[in-house]
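Quick notes on the structure that follows.
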Amino acid sequence: MSPHPVTTPSDRPGASGANRGRGALAPGLLFLGGAALLTLLVRPDVVNPPFQGMDDRWLHWMGGPHEGLYAAVAAALDWFGGPLGAVVPLALLVLLLVRRRWVSAAFLLGVYLGANMLVVQGLKQLVDRPRPADPLVRVDHGSFPSGHVASAALLVVVVGALLVPAARRRAWWLGGAVFTLAMMWSRTWLHAHWLSDTVAGAAAGTGAGLLAWWLCGPALARERERVHDRRGAAVDSPDPVPPADRPQHARR
């Protein structure tokens with residue numbers, strides 16, 4: 001009987017990753033479809049879209065006073081989605097390169113840049129919706145969709161796909177949803193976005209991440225298997241000559 005357990009294809013770490021990647025297609029298209037639908041509703045009349053009354057009501061609820069703990073949390077989330085937001089993906093990229101996970105590093109870089117530059121910035125240029133009056137933080141042009149929220153949702157999906165074990169992903173998705181909702185609250189509490197902007201940002205970031213995961217899932221699974229096999233070989237390879245049996249000149 002072999003001292004090492006037999007690993008079946010379904011037990012390999014890449015198998016569950018591949019299955020999860022294949023399952024990302026339907027929700028990815030659903031989220032991107034939601035972002036596209038909101039775009040079609042906003043673009044004909046960016047000043048007064050069909051749900052502007054809801055946006056106005058929510059912005060009224062996000063009124064002052066803007067101070068204390070809420071202000072500190074909102075400011076921290078603003079920084080995380082702004083300058084600090086680039087530090088986290090770069091740190092993850094370095095980690096993947098150090099671990100020699102070249103496919104995962106390329107996936108992270110390509111998805112993060114592609115989703116933000118093509119999807120988010122493309123929609124901003126296409127819609128060019130005015131922001132709420134008197135935002136409490138510095139903002140650029142184009143309120144729709146929220147780039148902060150899109151980046152937060154995209155980061156949740158990418159980290160979940162690359163670094164979170166399949167057995168722990170349910171808890172990760174739950175925590176990621178709370179984090180994305182907190183970012184949505186922050187952007188509206190700071191009067192930087194309308195509520196519908198943040199909904200579109202969450203849908204666009206999540207959908208782009210899931211669709212990219214589905215496209216690259218097989219390659220990521222193969223890389224995960226290679227890393228697993230390489231580590232297993234390093235652990236299981238015995239010393240060919242026990243130290244006690246080595247010649248004296250080899251031990252000097």
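Chain lettering (A, B, ...) mirrors the order of the structure tokens, residue numbering begins at 1 for each chain separately, and ligand numbering begins at 1 in order of display.
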**Study point:** Spatial neighbours of A:Val42, max dist 10 Å, only C-alpha atoms, sep filter under 3 positions, as a PyMOL selection string
**Key:** chain A and resi 36-39+45-52+127-129+144+196-197
Using only C-alpha atoms, what does the table of stretch 80-149 of chain A residues within 10 Å of stretch 210-217 of chain A look like, with each row giving the shortest atom pair and its distance in Å to one decimal, sorted by chain and ascending number, as JSON lines?
{"residue": "A:Val103", "atom": "CA", "partner": "A:Cys216", "partner_atom": "CA", "distance": 9.0}
{"residue": "A:Ser104", "atom": "CA", "partner": "A:Cys216", "partner_atom": "CA", "distance": 9.2}
{"residue": "A:Phe107", "atom": "CA", "partner": "A:Cys216", "partner_atom": "CA", "distance": 7.5}
{"residue": "A:Leu108", "atom": "CA", "partner": "A:Ala212", "partner_atom": "CA", "distance": 9.8}
{"residue": "A:Gly110", "atom": "CA", "partner": "A:Ala212", "partner_atom": "CA", "distance": 9.3}
{"residue": "A:Val111", "atom": "CA", "partner": "A:Ala212", "partner_atom": "CA", "distance": 6.8}
{"residue": "A:Gly114", "atom": "CA", "partner": "A:Ala212", "partner_atom": "CA", "distance": 9.9}
{"residue": "A:Ala115", "atom": "CA", "partner": "A:Ala212", "partner_atom": "CA", "distance": 9.3}
Residues just named, written with N, CA, C and O atoms as a short mmCIF file (atom, residue, chain, number, x, y, z; two decimals), in the first residue's frame:
data_model
loop_
_atom_site.label_atom_id
_atom_site.label_comp_id
_atom_site.auth_asym_id
_atom_site.auth_seq_id
_atom_site.Cartn_x
_atom_site.Cartn_y
_atom_site.Cartn_z
N VAL A 103 0.99 33.06 -14.81
CA VAL A 103 -0.34 33.19 -15.41
C VAL A 103 -1.25 34.02 -14.51
O VAL A 103 -1.99 34.89 -14.98
N SER A 104 -1.19 33.77 -13.21
CA SER A 104 -2.01 34.54 -12.27
C SER A 104 -1.62 36.01 -12.27
O SER A 104 -2.48 36.90 -12.19
N PHE A 107 -2.99 37.56 -15.36
CA PHE A 107 -4.44 37.69 -15.19
C PHE A 107 -4.77 38.92 -14.34
O PHE A 107 -5.63 39.73 -14.71
N LEU A 108 -4.09 39.06 -13.21
CA LEU A 108 -4.34 40.20 -12.33
C LEU A 108 -4.07 41.52 -13.05
O LEU A 108 -4.92 42.43 -13.02
N GLY A 110 -3.81 42.19 -16.32
CA GLY A 110 -4.67 42.43 -17.46
C GLY A 110 -6.10 42.77 -17.08
O GLY A 110 -6.70 43.69 -17.64
N VAL A 111 -6.65 42.03 -16.12
CA VAL A 111 -8.04 42.27 -15.72
C VAL A 111 -8.17 43.62 -15.02
O VAL A 111 -9.12 44.38 -15.29
N GLY A 114 -7.58 46.37 -17.69
CA GLY A 114 -8.60 46.33 -18.72
C GLY A 114 -9.97 46.76 -18.22
O GLY A 114 -10.66 47.55 -18.87
N ALA A 115 -10.36 46.25 -17.05
CA ALA A 115 -11.69 46.60 -16.52
C ALA A 115 -11.78 48.07 -16.18
O ALA A 115 -12.80 48.72 -16.47
#
Under the rule of at most 12 Å, produce a per-residue listing of stretch 140-221 of chain A near stretch 57-62 of chain A: chain, number, name, the closest pair of atoms, and the distance in Å, as JSON lines, using only C-alpha atoms.
{"residue": "A:Met184", "atom": "CA", "partner": "A:Met62", "partner_atom": "CA", "distance": 11.7}
{"residue": "A:Trp185", "atom": "CA", "partner": "A:Met62", "partner_atom": "CA", "distance": 8.6}
{"residue": "A:Ser186", "atom": "CA", "partner": "A:Met62", "partner_atom": "CA", "distance": 9.5}
{"residue": "A:Arg187", "atom": "CA", "partner": "A:Met62", "partner_atom": "CA", "distance": 10.0}
{"residue": "A:Thr188", "atom": "CA", "partner": "A:Leu59", "partner_atom": "CA", "distance": 6.7}
{"residue": "A:Trp189", "atom": "CA", "partner": "A:Met62", "partner_atom": "CA", "distance": 5.0}
{"residue": "A:Leu190", "atom": "CA", "partner": "A:Met62", "partner_atom": "CA", "distance": 8.0}
{"residue": "A:His191", "atom": "CA", "partner": "A:Leu59", "partner_atom": "CA", "distance": 7.1}
{"residue": "A:Ala192", "atom": "CA", "partner": "A:Leu59", "partner_atom": "CA", "distance": 10.0}
{"residue": "A:His193", "atom": "CA", "partner": "A:Leu59", "partner_atom": "CA", "distance": 8.9}
{"residue": "A:Trp194", "atom": "CA", "partner": "A:Leu59", "partner_atom": "CA", "distance": 7.0}
{"residue": "A:Leu195", "atom": "CA", "partner": "A:Trp58", "partner_atom": "CA", "distance": 6.9}
{"residue": "A:Ser196", "atom": "CA", "partner": "A:Trp58", "partner_atom": "CA", "distance": 9.8}
{"residue": "A:Asp197", "atom": "CA", "partner": "A:Leu59", "partner_atom": "CA", "distance": 11.9}
{"residue": "A:Thr198", "atom": "CA", "partner": "A:Trp58", "partner_atom": "CA", "distance": 11.9}
Next, write the just-selected residues to a file, as a CSV table (one decimal), in the first residue's frame, keeping N, CA, C and O atoms as the atom set.
chain,number,residue,atom,x,y,z
A,184,MET,N,-19.9,51.7,-1.6
A,184,MET,CA,-21.1,52.4,-2.2
A,184,MET,C,-21.7,53.5,-1.2
A,184,MET,O,-22.0,54.6,-1.6
A,185,TRP,N,-21.8,53.1,0.1
A,185,TRP,CA,-22.2,54.1,1.0
A,185,TRP,C,-21.3,55.3,1.1
A,185,TRP,O,-21.7,56.4,1.2
A,186,SER,N,-20.0,55.0,1.1
A,186,SER,CA,-19.0,56.1,1.3
A,186,SER,C,-19.1,57.1,0.1
A,186,SER,O,-19.1,58.3,0.3
A,187,ARG,N,-19.2,56.6,-1.1
A,187,ARG,CA,-19.3,57.5,-2.3
A,187,ARG,C,-20.5,58.3,-2.3
A,187,ARG,O,-20.4,59.5,-2.7
A,188,THR,N,-21.6,57.8,-1.8
A,188,THR,CA,-22.8,58.6,-1.7
A,188,THR,C,-22.8,59.5,-0.5
A,188,THR,O,-23.3,60.7,-0.6
A,189,TRP,N,-22.3,59.0,0.6
A,189,TRP,CA,-22.2,59.9,1.8
A,189,TRP,C,-21.3,61.1,1.6
A,189,TRP,O,-21.6,62.2,2.2
A,190,LEU,N,-20.3,60.9,0.8
A,190,LEU,CA,-19.4,62.0,0.4
A,190,LEU,C,-19.9,62.9,-0.7
A,190,LEU,O,-19.3,63.8,-1.1
A,191,HIS,N,-21.1,62.6,-1.2
A,191,HIS,CA,-21.8,63.3,-2.3
A,191,HIS,C,-20.9,63.3,-3.6
A,191,HIS,O,-21.0,64.2,-4.4
A,192,ALA,N,-20.1,62.2,-3.7
A,192,ALA,CA,-19.3,62.1,-4.9
A,192,ALA,C,-20.0,61.4,-6.0
A,192,ALA,O,-19.6,61.5,-7.2
A,193,HIS,N,-21.1,60.7,-5.7
A,193,HIS,CA,-21.8,59.9,-6.7
A,193,HIS,C,-23.3,59.8,-6.3
A,193,HIS,O,-23.7,59.9,-5.1
A,194,TRP,N,-24.1,59.6,-7.3
A,194,TRP,CA,-25.5,59.2,-7.1
A,194,TRP,C,-25.6,57.7,-6.8
A,194,TRP,O,-24.6,57.0,-7.1
A,195,LEU,N,-26.6,57.3,-6.1
A,195,LEU,CA,-26.7,55.9,-5.7
A,195,LEU,C,-26.7,55.0,-7.0
A,195,LEU,O,-26.0,53.9,-6.9
A,196,SER,N,-27.4,55.4,-8.0
A,196,SER,CA,-27.3,54.5,-9.2
A,196,SER,C,-26.0,54.4,-9.8
A,196,SER,O,-25.6,53.4,-10.5
A,197,ASP,N,-25.1,55.4,-9.7
A,197,ASP,CA,-23.7,55.3,-10.1
A,197,ASP,C,-23.0,54.2,-9.4
A,197,ASP,O,-22.2,53.5,-10.0
A,198,THR,N,-23.2,54.1,-8.1
A,198,THR,CA,-22.5,53.1,-7.3
A,198,THR,C,-23.1,51.7,-7.7
A,198,THR,O,-22.3,50.7,-7.7
Exercise for review: Tell me, as a ChimeraX atom specification, which residues lie within 10 Å of A:Leu29, counting only C-alpha atoms; anything in the same chain fewer than 2 positions away does not count.
Suggested key: /A:24-27,31-35,203-204,206-208,210-211
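Distance check against A:Val139 using only C-alpha atoms: of A:Leu181, A:Met117, A:Gly81, A:Leu93, the minimum falls on A:Gly81.
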Exercise for review: Show which residues sit within 6 Å of stretch 150-161 of chain A, as a list of chain:residue names. Count only C-alpha atoms, and ignore same-chain residues fewer than 6 positions away.
Suggested key: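 After dropping sequence-adjacent residues, the list is A:Gly176, A:Thr180, A:Gly201, A:Ala202, A:Gly205, A:Thr206, A:Gly209.
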Exercise for review: Give the answer as one residue: which of A:Leu162, A:Phe80, A:Ala221, A:Val137 has the shortest atom-to-atom distance to A:Leu92, using only C-alpha atoms?
Suggested key: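 Among A:Leu162, A:Phe80, A:Ala221, A:Val137, it is A:Leu162 that comes nearest to A:Leu92.
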Check your understanding: Distance atom CA of A:Leu136-atom CA of A:Leu84, one decimal place?
Key -> 18.4 Å
Review point. Please, what distance in Å, to one decimal, runs between atom CA of A:Gly28 and atom CA of A:Val119?
Key: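 That distance, rounded to one decimal, is 13.5 Å.
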Check your understanding: Please, what distance in Å, to one decimal, runs between atom CA of A:Arg170 and atom CA of A:Gly85?
Key ->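 A separation of 23.8 Å between them.
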Review point. DSSP says alpha helix (DSSP H) for which residues of stretch 86-186 of chain A? Put them as a PyMOL selection string?
Key: chain A and resi 87-98+102-114+121-127+147-162+169-186
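The smallest atom-to-atom distance between A:Leu95 and any of A:Trp172, A:Leu163, A:Ala133, A:Gln125, using only C-alpha atoms, is found for A:Leu163.
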